[in-house]
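Structure first, then comments.
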Amino acid sequence: MATSEASQRAITAQNPSRDQQRGPTRRAAVAQLLAGWSLFSLAAGVGLLGCVRFLFPNVLYEPPATFNAGMPSNYGVGVDETFKNTNSTWLVRTESDPLSGRDGIPGIFALNTVCTHLGCIPNWQAADNRFKCPCHGSGFRPSGMNFEGPAPRPLERWRVVLSEGELMVDMNQKYQWEKGQWVSPESYVVV
């Protein structure tokens, strides 16, 4: 009994041959396996790089914490703003500093330029003889003592010493009035 071509195609479609029933070839399986391990290795490598990067600290480039401010004779009585922008420091020469127990003793001290309220930078107002913070209105006398506004405490002083006749300011050591540290011999240079 002869079957037509259309019948043969229908029978073949209903009963697939062994060639059509086979799964992926060995070559395709190996290719998929290699692709999977390659992606896994890539992800593990990226994760490992992140872990290695974690071992090295971030570096913040700042100016040196100790700087040479020059000869004391370079500074007249009053506030000097030479190092305000570069080292966050005002140098103040005074004829007397009763707040640090040096009443009637002329000398120089270094003030931190950061307001003790929220960290703004006050401006020196020579006409009013005070530092005035532009953010919230805190006022500080030339000695660093706060007298108006929300600042909770006076400005901090840096360590200042004479080294070979020149002023050396060390910003690693700060002196706070409320802790009684302004009386420290290194918070004030007698000139």
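Note on naming: chains are A, B, ... as they come in the structure tokens, residues start from 1 per chain, ligands start from 1 in the order shown.
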
Exercise. Write out as JSON, numbers by chain which residues come within 8 Å of range 168-175 of chain A when counting only C-alpha atoms, dropping same-chain ones fewer than 5 positions away.
Key: {"A": [65, 66, 67, 68, 69, 70, 110, 156, 157, 158, 159, 160, 161, 162, 163, 181, 182, 184, 187]}

So that each row is one residue of range 103-134 of chain A with an atom at most 10 Å from range 71-94 of chain A, can you give its shortest atom pair and the distance in Å to one decimal, using only C-alpha atoms, rows by chain and rising number, as a tab-separated table?
residue	atom	partner	partner_atom	distance
A:Gly104	CA	A:Thr94	CA	9.3
A:Ile105	CA	A:Thr94	CA	8.4
A:Pro106	CA	A:Thr94	CA	5.6
A:Gly107	CA	A:Thr94	CA	5.6
A:Ile108	CA	A:Arg93	CA	4.4
A:Phe109	CA	A:Val92	CA	5.5
A:Ala110	CA	A:Leu91	CA	4.6
A:Leu111	CA	A:Trp90	CA	5.1
A:Asn112	CA	A:Thr89	CA	5.0
A:Thr113	CA	A:Ser88	CA	5.2
A:Val114	CA	A:Ser88	CA	7.4
A:Ile121	CA	A:Ser88	CA	8.7
A:Asn123	CA	A:Glu81	CA	9.6
A:Trp124	CA	A:Val79	CA	7.9
A:Gln125	CA	A:Val79	CA	9.7
A:Ala126	CA	A:Val79	CA	8.3
A:Asn129	CA	A:Gly78	CA	8.8
A:Arg130	CA	A:Val79	CA	9.5
A:Phe131	CA	A:Val79	CA	9.8

Just C-alpha atoms for this one: save the residues we selected as a short mmCIF file (atom, residue, chain, number, x, y, z; two decimals), in the first residue's frame.
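For reference, part01.cif as written:
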data_model
loop_
_atom_site.label_atom_id
_atom_site.label_comp_id
_atom_site.auth_asym_id
_atom_site.auth_seq_id
_atom_site.Cartn_x
_atom_site.Cartn_y
_atom_site.Cartn_z
CA GLY A 104 51.72 91.56 80.95
CA ILE A 105 53.96 89.06 79.11
CA PRO A 106 54.24 89.73 75.35
CA GLY A 107 54.11 86.70 73.10
CA ILE A 108 52.73 84.88 70.07
CA PHE A 109 50.19 82.07 69.88
CA ALA A 110 48.61 80.17 66.98
CA LEU A 111 44.82 79.82 66.66
CA ASN A 112 42.94 77.18 64.71
CA THR A 113 40.74 78.88 62.09
CA VAL A 114 37.83 76.45 62.52
CA ILE A 121 35.87 79.49 58.98
CA ASN A 123 36.75 86.06 59.30
CA TRP A 124 39.05 88.50 61.04
CA GLN A 125 37.42 91.91 61.32
CA ALA A 126 40.23 94.31 62.17
CA ASN A 129 38.95 93.67 66.66
CA ARG A 130 37.24 90.25 66.53
CA PHE A 131 36.76 87.06 64.57
#

Quiz item: Any idea what the distance is between CA of Pro185 in chain A and CA of Ser143 in chain A?
Solution: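 According to the coordinates, CA of Pro185 in chain A and CA of Ser143 in chain A are separated by 15.9 Å.
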
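Compared by their closest atoms to Gly144 in chain A, and using only C-alpha atoms, the residues A:Leu99, A:Leu39, A:Leu34, A:Leu55 rank with A:Leu99 nearest.
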
Quiz item: CA of Pro152 in chain A and CA of Gly139 in chain A are how many Å apart?
Solution: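 Straight-line distance from CA of Pro152 in chain A to CA of Gly139 in chain A works out to 11.0 Å.
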
Quiz item: Rounded to one decimal in Å, what is the spacing between CA of Glu95 in chain A and CA of Pro134 in chain A?
Solution: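 Rounded to one decimal, the two atoms are 28.1 Å apart.
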
Practice problem: Output as a ChimeraX atom specification all residues of range 66-176 of chain A that backbone DSSP marks as strand (DSSP E or B). | Solution: /A:66-70,78-80,89-94,97,102,107-112,123-125,130-132,139-140,146-148,157-163,166-175

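Among the residues of range 58-178 of chain A, backbone DSSP assigns alpha helix (DSSP H) to Lys84, Asn85, Thr86 and Asn87 of chain A.
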